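Asker: Following this message is one structure expressed as structure tokens.
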Amino acid sequence: MVAFILCLALLFNISVAPVDDKIRVEDVVLKHLEAIGTDQARRSGRSRIVAGSSMMNLRTGGRGNVSGPALIASHEKKVLLKAEFTSASYPFEKLGFDGRKFAARQFAPGSRSPLAQFFMSHDVIFSEGLIGGVLSSAWPLLNISEREPKVQYIGTEKIKGRQAHKVRYTPRSGGELKITMYFDAESLNHLRTDYERVVPASMGATPGESASQRETRYKLVEDFSDFKREGDLTLPHTYNIQFTIFQTTNPLALDWTITLSRFTFDYPIEVKEFAVDS
């Protein structure tokens with residue numbers, strides 16, 4: 001047992017903790033994987049298409065709701081998040097990683113949504129397979145030995161009234177985002193991923209101008225709920241994205257909820273479907 005724990009510690013890129021520690025990050029991850037399904041059911045070679053309806057609410061930085069069908073498609077490390085909206089000024093959102101590069105489709109020449117622009121600047125969310133959580137076959141915890149991130153257990157916190165284990169996730173390539181995952185303490189279902197970045201205030205031409213500058217903080221939250229069995233996997237049926245830009249001028253807050261009702265596995269998906277800018 002000691003040798004087994006040592007091997008897991010090396011695999012998860014963490015310091016070896018005493019064997020009698022109450023909670024270890026490798027235990028959280030392994031129980032989380034078991035909560036999804038069996039090894040065979042979870043294998044990354046399986047494609048997934050999950051689809052349903054969505055509603056996006058722009059709470060700050062504009063007003064109004066847009067709605068329409070949405071889907072998440074994935075195969076191995078490739079992932080696509082796509083939605084169509086009933087709005088002439090914002091007709092769709094198409095975000096995809098084709099296994100090599102991330103792209104966000106422009107809905108007009110030179111025009112992308114603030115959410116798409118954020119992903120363009122922080123494409124690790126897609127390239128690392130984090131987007132969509134366990135809804136995607138690219139979810140990095142499914143193939144952690146190949147991804148080789150650094151994962152660290154950082155305690156517990158209540159999420160919507162439920163106690164959750166917190167895990168700090170750092171991609172092997174590093175990056176500017178602070179990424180925190182939350183797992184239900186009882187079921188070990190993945191409840192949330194937080195992404196945060198703070199951009200320090202810039203220097204002005206004079207001390208007075210510098211004093212007036214303020215930092216900009218970006219926060220993206222993915223929430224997952226309503227877990228049910230689909231085939232031989234336990235997956236969330238409600239997926240919510242909250243994106244906020246905290247800044248003095250042009251702040252932004254949006255809320256995007258996708259209610260999933262159709263789950264398709266092992267359907268062949270052409271690589272070109274993930275290259276949304278083609």
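Naming works like this for the structure tokens: A, B, ... for the chains as they're shown, residue 1 at the start of each chain, ligands 1 onward in shown order.
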Check range 84-222 of chain A with DSSP on the backbone and list each residue it calls strand (DSSP E or B), as an MDAnalysis selection string.
Answerer: chainID A and resid 84 92:97 102:104 108 111 150:159 162:170 178:184 190:199 216:222
Asker: Restricting the calculation to only C-alpha atoms, which member of A:Lys228, A:Lys272, A:Arg262, A:His32 is positioned closest to Ala70 in chain A?
Answerer: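 Answer, going by the shortest atom-to-atom distance: A:Arg262.
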Asker: Would you mind listing what lies within 9 Å of Thr238 in chain A as an NGL selection string, with only C-alpha atoms counted and same-chain residues fewer than 3 positions away left out?
Answerer: :A and (223-227 or 257-260)
Asker: Taking the chain letters and numbering used in this document, name the residues of range 26-226 of chain A that DSSP puts in alpha helix (DSSP H), as a ChimeraX atom specification.
Answerer: /A:26-36,39-42,114-121,124-127,144-147,207-212
Asker: Emit the selected residues as a PDB file, in the first residue's frame, including C-alpha atoms.
Answerer:
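Okay, this is what ended up in part.pdb:
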```pdb
ATOM      1  CA  GLU A  26      -4.971  11.380  -5.323  1.00  0.00           C
ATOM      2  CA  ASP A  27      -7.822   9.854  -3.308  1.00  0.00           C
ATOM      3  CA  VAL A  28     -10.145  12.713  -4.291  1.00  0.00           C
ATOM      4  CA  VAL A  29      -9.290  12.340  -7.983  1.00  0.00           C
ATOM      5  CA  LEU A  30      -9.569   8.549  -8.037  1.00  0.00           C
ATOM      6  CA  LYS A  31     -12.936   8.567  -6.238  1.00  0.00           C
ATOM      7  CA  HIS A  32     -14.092  11.299  -8.597  1.00  0.00           C
ATOM      8  CA  LEU A  33     -13.263   9.092 -11.580  1.00  0.00           C
ATOM      9  CA  GLU A  34     -15.137   6.181 -10.011  1.00  0.00           C
ATOM     10  CA  ALA A  35     -18.157   8.468  -9.572  1.00  0.00           C
ATOM     11  CA  ILE A  36     -18.216   9.105 -13.335  1.00  0.00           C
ATOM     12  CA  ASP A  39     -12.552   2.551 -16.646  1.00  0.00           C
ATOM     13  CA  GLN A  40     -14.055   1.218 -19.869  1.00  0.00           C
ATOM     14  CA  ALA A  41     -16.920   3.703 -19.825  1.00  0.00           C
ATOM     15  CA  ARG A  42     -14.557   6.621 -19.211  1.00  0.00           C
ATOM     16  CA  PRO A 114     -16.239  39.283 -24.556  1.00  0.00           C
ATOM     17  CA  LEU A 115     -16.467  35.635 -23.489  1.00  0.00           C
ATOM     18  CA  ALA A 116     -14.812  34.475 -26.716  1.00  0.00           C
ATOM     19  CA  GLN A 117     -12.123  37.141 -26.354  1.00  0.00           C
ATOM     20  CA  PHE A 118     -11.378  35.857 -22.864  1.00  0.00           C
ATOM     21  CA  PHE A 119     -10.958  32.321 -24.192  1.00  0.00           C
ATOM     22  CA  MET A 120      -8.721  33.618 -26.993  1.00  0.00           C
ATOM     23  CA  SER A 121      -6.417  35.111 -24.345  1.00  0.00           C
ATOM     24  CA  VAL A 124      -5.495  26.747 -21.938  1.00  0.00           C
ATOM     25  CA  ILE A 125      -9.089  26.297 -20.711  1.00  0.00           C
ATOM     26  CA  PHE A 126      -9.820  24.521 -23.994  1.00  0.00           C
ATOM     27  CA  SER A 127      -6.414  23.059 -24.849  1.00  0.00           C
ATOM     28  CA  ILE A 144      -3.888  12.817 -15.855  1.00  0.00           C
ATOM     29  CA  SER A 145      -0.736  10.768 -16.532  1.00  0.00           C
ATOM     30  CA  GLU A 146      -0.508  12.247 -20.036  1.00  0.00           C
ATOM     31  CA  ARG A 147      -1.483  15.807 -19.057  1.00  0.00           C
ATOM     32  CA  PRO A 207       2.605  59.778 -10.699  1.00  0.00           C
ATOM     33  CA  GLY A 208      -0.873  61.283 -10.749  1.00  0.00           C
ATOM     34  CA  GLU A 209      -1.939  59.152 -13.705  1.00  0.00           C
ATOM     35  CA  SER A 210      -0.471  56.049 -12.086  1.00  0.00           C
ATOM     36  CA  ALA A 211      -2.462  56.691  -8.907  1.00  0.00           C
ATOM     37  CA  SER A 212      -5.711  56.756 -10.891  1.00  0.00           C
TER      38      SER A 212
END
```
Asker: With only C-alpha atoms as the counted atoms, please give the residues lying no more than 10 Å from Gly175 in chain A, apart from itself and same-chain residues fewer than 3 positions off, as a list of chain:residue names.
Answerer: A:His122, A:Val124, A:Thr170, A:Pro171, A:Arg172, A:Lys178, A:Ile179, A:Arg197
Asker: Could you work out how far CA of Glu128 in chain A lies from CA of Gly68 in chain A, giving the answer in Å with one decimal?
Answerer: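 A separation of 27.1 Å between them.
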Asker: Which residue is closest to Thr249 in chain A? Choose from A:Glu176, A:Thr38, A:Glu273, A:Glu215 and count only C-alpha atoms.
Answerer: A:Glu215
Asker: In Å, with one decimal, what is the gap from CA of Arg105 in chain A to CA of Gly132 in chain A?
Answerer: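 Separating CA of Arg105 in chain A from CA of Gly132 in chain A is a distance of 18.3 Å.
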Asker: Just the residues within 9 Å of Phe263 in chain A, please, counting only C-alpha atoms, with nothing from its chain fewer than 3 positions along; format it as number ranges by chain.
Answerer: A: 48-51, 230-231, 260
Asker: Between CA of Tyr267 in chain A and CA of Leu135 in chain A, what is the distance, to one decimal in Å?
Answerer: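 So the answer is 14.9 Å.
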Asker: List the spatial neighbours of range 81-93 of chain A as a ChimeraX atom specification - criterion: any atom at most 8 Å away, only C-alpha atoms, same-chain residues fewer than 4 positions off excluded.
Answerer: /A:54,66-73,104-105,107,113,116
Asker: Using N, CA, C and O atoms, can you write the selected residues to a file as an mmCIF file, in the first residue's frame?
Answerer:
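Result file is result_28.cif:
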```cif
data_model
loop_
_atom_site.group_PDB
_atom_site.id
_atom_site.type_symbol
_atom_site.label_atom_id
_atom_site.label_comp_id
_atom_site.auth_asym_id
_atom_site.auth_seq_id
_atom_site.Cartn_x
_atom_site.Cartn_y
_atom_site.Cartn_z
ATOM 1 N N SER A 54 -30.220 26.609 -24.282
ATOM 2 C CA SER A 54 -29.425 27.510 -23.448
ATOM 3 C C SER A 54 -30.041 28.899 -23.380
ATOM 4 O O SER A 54 -30.786 29.313 -24.272
ATOM 5 N N VAL A 66 -30.495 36.172 -24.540
ATOM 6 C CA VAL A 66 -30.534 35.477 -25.818
ATOM 7 C C VAL A 66 -30.631 33.990 -25.522
ATOM 8 O O VAL A 66 -30.093 33.500 -24.527
ATOM 9 N N SER A 67 -31.328 33.263 -26.387
ATOM 10 C CA SER A 67 -31.529 31.846 -26.134
ATOM 11 C C SER A 67 -31.440 31.065 -27.436
ATOM 12 O O SER A 67 -31.485 31.639 -28.532
ATOM 13 N N GLY A 68 -31.337 29.746 -27.299
ATOM 14 C CA GLY A 68 -31.273 28.889 -28.469
ATOM 15 C C GLY A 68 -30.615 27.569 -28.145
ATOM 16 O O GLY A 68 -30.187 27.327 -27.007
ATOM 17 N N PRO A 69 -30.499 26.685 -29.126
ATOM 18 C CA PRO A 69 -29.875 25.382 -28.896
ATOM 19 C C PRO A 69 -28.374 25.496 -28.663
ATOM 20 O O PRO A 69 -27.725 26.425 -29.148
ATOM 21 N N ALA A 70 -27.825 24.542 -27.912
ATOM 22 C CA ALA A 70 -26.391 24.534 -27.623
ATOM 23 C C ALA A 70 -25.921 23.093 -27.528
ATOM 24 O O ALA A 70 -26.705 22.173 -27.270
ATOM 25 N N LEU A 71 -24.616 22.898 -27.764
ATOM 26 C CA LEU A 71 -24.053 21.559 -27.614
ATOM 27 C C LEU A 71 -22.579 21.631 -27.245
ATOM 28 O O LEU A 71 -21.903 22.630 -27.488
ATOM 29 N N ILE A 72 -22.114 20.536 -26.649
ATOM 30 C CA ILE A 72 -20.691 20.314 -26.403
ATOM 31 C C ILE A 72 -20.343 18.995 -27.076
ATOM 32 O O ILE A 72 -20.953 17.958 -26.778
ATOM 33 N N ALA A 73 -19.397 19.026 -27.999
ATOM 34 C CA ALA A 73 -18.931 17.820 -28.683
ATOM 35 C C ALA A 73 -17.466 17.617 -28.341
ATOM 36 O O ALA A 73 -16.703 18.585 -28.229
ATOM 37 N N ALA A 104 -12.032 30.876 -31.968
ATOM 38 C CA ALA A 104 -13.370 31.372 -31.662
ATOM 39 C C ALA A 104 -13.901 32.043 -32.924
ATOM 40 O O ALA A 104 -13.294 32.999 -33.431
ATOM 41 N N ARG A 105 -14.995 31.565 -33.446
ATOM 42 C CA ARG A 105 -15.538 32.065 -34.700
ATOM 43 C C ARG A 105 -16.052 33.495 -34.544
ATOM 44 O O ARG A 105 -16.745 33.826 -33.576
ATOM 45 N N PHE A 107 -18.563 36.427 -35.363
ATOM 46 C CA PHE A 107 -19.929 36.489 -35.880
ATOM 47 C C PHE A 107 -20.131 37.699 -36.788
ATOM 48 O O PHE A 107 -21.189 37.860 -37.398
ATOM 49 N N SER A 113 -17.494 37.926 -29.061
ATOM 50 C CA SER A 113 -18.079 38.288 -27.776
ATOM 51 C C SER A 113 -16.970 38.460 -26.739
ATOM 52 O O SER A 113 -15.870 37.921 -26.892
ATOM 53 N N ALA A 116 -15.721 35.068 -25.734
ATOM 54 C CA ALA A 116 -14.812 34.475 -26.716
ATOM 55 C C ALA A 116 -13.435 35.128 -26.658
ATOM 56 O O ALA A 116 -12.408 34.451 -26.789
#
```
Asker: Could you give me, as a PyMOL selection string, the residues within 12 Å of Gln242 in chain A, counting only C-alpha atoms and dropping anything in the same chain fewer than 4 positions from it?
Answerer: chain A and resi 55-60+115+192-196+218-224+252-258
